[in-house]
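Everything below concerns the one structure shown next.
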Amino acid sequence: MGENRTSSAKAITVLFIGGAVLGAAAGMLFAPKAGKDTRKEVKHYAMKVKKDVSNTAQRTKAGIEAAFEKGRALLAEANAA
């Protein structure tokens, strides 16, 4: 049951980030600015999103590793009993 909650939270996070990226891209593309300025903003925003996604992935990986360790400890405890 806890795994379903984790999967749902991850899905919501991914959808939220994707929506934010699409919304920001659409906003920049329809803004009345010079092409050079728009490309500069898109590049800056893409670098920020890349950093945010990388940080989220690292936190997710750490959470998964912790869950595996807890599961291994519980399994070892159950086998010892």
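Going through the structure tokens in order, the chains are called A, B, and so on, while each chain numbers its residues from 1 and the ligands are numbered from 1 in the order shown.
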Env of segment 42-44 of chain A: 10 Å cut, atoms = only C-alpha atoms, seq-sep filter 5 positions within chain, self excluded. Answer as a list in words.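 Skipping anything fewer than 5 positions along the chain leaves Ala24, Ala25, Met28, Leu29, Lys36, Asp37, Val49 and Lys50 of chain A.
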Expected file: the selected residues, N, CA and C atoms, as a short mmCIF file (atom, residue, chain, number, x, y, z; two decimals), in the first residue's frame:
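Just written: selection-v1.cif:
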```
data_model
loop_
_atom_site.label_atom_id
_atom_site.label_comp_id
_atom_site.auth_asym_id
_atom_site.auth_seq_id
_atom_site.Cartn_x
_atom_site.Cartn_y
_atom_site.Cartn_z
N ALA A 24 5.68 27.39 -18.90
CA ALA A 24 6.73 28.41 -19.02
C ALA A 24 7.18 28.57 -20.47
N ALA A 25 7.33 27.45 -21.17
CA ALA A 25 7.75 27.50 -22.57
C ALA A 25 6.71 28.23 -23.41
N MET A 28 6.84 31.97 -22.71
CA MET A 28 8.00 32.64 -23.32
C MET A 28 7.84 32.75 -24.83
N LEU A 29 7.28 31.72 -25.44
CA LEU A 29 7.13 31.74 -26.90
C LEU A 29 6.09 32.75 -27.36
N LYS A 36 16.30 36.68 -29.88
CA LYS A 36 17.54 36.49 -29.12
C LYS A 36 17.24 36.44 -27.62
N ASP A 37 16.41 37.36 -27.16
CA ASP A 37 16.04 37.40 -25.73
C ASP A 37 15.26 36.16 -25.33
N VAL A 49 15.59 23.93 -14.99
CA VAL A 49 14.77 22.72 -14.93
C VAL A 49 15.68 21.49 -14.84
N LYS A 50 16.75 21.48 -15.61
CA LYS A 50 17.70 20.36 -15.57
C LYS A 50 18.24 20.18 -14.16
#
```
Using only C-alpha atoms, the residue out of A:Ala57, A:Ala73, A:Ala34, A:Ala66 with shortest distance to Lys10 of chain A is A:Ala57
One residue among A:Glu41, A:Val53, A:Lys33, A:Lys48 is nearest to Phe16 of chain A when using only C-alpha atoms, and that residue is A:Val53
